[in-house]
Amino acid sequence: MANGANYTDAEIDELVSHVLALRKDYVQQLLSGAGIPYSGFRKNELRGRVREAIADGRLTVEGVVEFLDRVEPGGKQHVFLLRPSGALNNSWRDAVAMRRRLAREVATRDLLAAPLPLLMPEELQLSSVRLADGVVEVTGVEARRYTERDESYDRTAVTEEGLPVQLRAFVERVARSTIVLRWDTATRHAALHITQATGRGLERDHYRRVADRCGSAVDSFLDFSEFRDVNLHRVIHELGQREKANRNVLTRSRRGSWDTPNGAELRATSASTAASVYSDRRLSAAIGQVADAGTGQAGNVYWLPGGNGSPLSEELHLTIVASDSRVHFMVPSSTEIVQYVVGQIRRLL
C-alpha cells in the first residue's frame, strides 16, 4: 500500500469506484463537504467530479477515507453479538494501563495515535485501536474483489462463418469492507460489526470467515477466542410473544423460522410487509405449537420507531439470525441507530 502522495492511480480509481457504489446521497454528501457542486449530475457523472477533485487537490485521498470511516459503520452491516470472558474483560478495564501496554507493542503503538488511511488492502489490516470511557474499539479494513453479472454490458456479434455470438458481461468489482469490534468493559457487552458484502454468490459462512480473519488480525494483543456468541433464540421468542400479546411491542415480524424437537422446521410469512405473522390467528396458533425460547432460528422483522430515547424516526428492516448470533441491518442508517437497536436486543437476553 502506498502512502500519502504516493497513492497509485489504480488505488485511487478503486477507491472512487467504491465511493460511487454507495448511495447517491452519500456521494453528494462527500462532494458537498468539499464545496464541490453536485446538483443535476447523474451518478456516473459524479464519478468524474470525485476523480477530478482528488486530482486537483480539492479532495484528498485521506479525506475520502476519513469520510468512509465515518459513514460506513452506519451502513448495511452484519453484527455478531459477543460476550468476553470475565478474565479477559477484567484485564482490559484499566484503560490507562492497557494503553501503556499497547503503546509498547509494535503491532499497536501506531494504531493508538491516529487511524491509518487504508484504501483497499488485499488482506484485513487494522486501521485503529481506541480506548476511551471503558469502551474498546478496534477497526480494520479489507478489500473484497468479485465479479458481478451486468446485462447492460451484454453484446451480440457474428463469427467469421456468419454464426451469431452472444457475449455475456461480468463486471470486476472491488468493495471496501470495514470491520469494527466494539466492546464495553463496564457491561461485558461486545459486538463485531462487518460491512455487508455486495454481489451474489457469497458462501454461506462468509461473515463467520470475516470474523475469523478479524481474530487473526488482533491475535498479537487480543485473544479473540475469549469472546463467546450470545444466544439470540430467546430474543426472537420474546419479540414474538410481545407481538402476539400486543404488549410492549418492539417489532413487526414479516418472516420467521422455528425448529421442532424432532428436527422439523416451521416457516411463516405474513400476508404483507405491513402485517405481522402473529396477526393471522391460524398462523399465530401454529407458531405457538412449536415456538419456545430455544427454537427461534431466524426472524425477519421491522423494528418500530418510538419509545423512550429512541433515535428511530421510521421502521428499520433487519434479520436476526439466532443460529449464528448475528443481526443483519438490511438498510443504511446511522451508528447511533445501530447502537440503539443492538442495545434493545441485549435488553431482551
# chains A, B, ... in the order shown; residues from 1 in each chain; ligands from 1

$ residues_around --residues "Thr178 of chain A" --least-positions-apart "3" --cutoff "8 Å" --atoms "only C-alpha atoms" --output "ChimeraX atom specification"
/A:69,72-73,139-142,193-195

$ write_last_selection --atoms "C-alpha atoms" --output "JSON list (two decimals), in the first residue's frame"
[["chain", "number", "residue", "atom", "x", "y", "z"],
["A", 69, "ASP", "CA", -14.66, 5.53, 8.03],
["A", 72, "GLU", "CA", -19.84, 3.21, 6.56],
["A", 73, "PRO", "CA", -20.19, 1.99, 10.18],
["A", 139, "THR", "CA", -11.22, -1.13, 13.42],
["A", 140, "GLY", "CA", -9.93, -2.96, 10.37],
["A", 141, "VAL", "CA", -10.35, -2.70, 6.60],
["A", 142, "GLU", "CA", -10.11, -5.21, 3.78],
["A", 193, "HIS", "CA", -19.72, -5.03, 13.00],
["A", 194, "ILE", "CA", -18.99, -6.13, 9.42],
["A", 195, "THR", "CA", -19.94, -4.13, 6.34]]

$ closest_atom_pairs --of "segment 63-125 of chain A" --to "segment 20-31 of chain A" --cutoff "10 Å" --atoms "only C-alpha atoms" --output "CSV"
residue,atom,partner,partner_atom,distance
A:Gly63,CA,A:Leu30,CA,9.2
A:Val64,CA,A:Leu30,CA,7.6
A:Phe67,CA,A:Leu30,CA,7.1
A:Leu68,CA,A:Leu30,CA,9.1
A:Val71,CA,A:Tyr26,CA,8.2
A:Glu72,CA,A:Leu22,CA,9.2
A:Gly75,CA,A:Leu22,CA,9.3

$ atom_distance --atom1 "atom CA of Gln125 of chain A" --atom2 "atom CA of Trp92 of chain A"
22.0 Å

$ residues_around --residues "Arg144 of chain A" --least-positions-apart "2" --cutoff "10 Å" --atoms "only C-alpha atoms" --output "list in words"
Met120, Pro121, Glu122, Glu123, Leu124, Val141, Glu142, Tyr146, Arg173, Val174, Ala175, Arg176, Ser177, Ala197 and Thr198 of chain A

$ write_last_selection --atoms "C-alpha atoms" --output "compact mmCIF listing (two decimals), in the first residue's frame"
# COMPACT_ATOMS: atom_id res chain seq x y z
CA MET A 120 -8.12 -1.27 -0.37
CA PRO A 121 -5.76 -3.63 1.48
CA GLU A 122 -5.66 -7.09 -0.09
CA GLU A 123 -5.80 -8.67 3.38
CA LEU A 124 -7.56 -7.49 6.50
CA VAL A 141 -10.35 -2.70 6.60
CA GLU A 142 -10.11 -5.21 3.78
CA TYR A 146 -15.63 -10.21 -7.03
CA ARG A 173 -15.76 -5.02 -8.84
CA VAL A 174 -13.95 -4.18 -5.62
CA ALA A 175 -15.59 -3.18 -2.35
CA ARG A 176 -14.07 -1.76 0.80
CA SER A 177 -15.25 -3.66 3.86
CA ALA A 197 -20.76 -7.67 1.25
CA THR A 198 -22.08 -6.78 -2.18

$ closest_residue --among "A:Leu232, A:Ala95, A:Val277, A:Ala143" --to "Gly296 of chain A" --atoms "only C-alpha atoms"
A:Leu232

$ atom_distance --atom1 "atom CA of Arg93 of chain A" --atom2 "atom CA of Ser127 of chain A"
22.0 Å

$ closest_residue --among "A:Leu349, A:Met330, A:Ala268, A:Val138" --to "Asn231 of chain A" --atoms "only C-alpha atoms"
A:Leu349
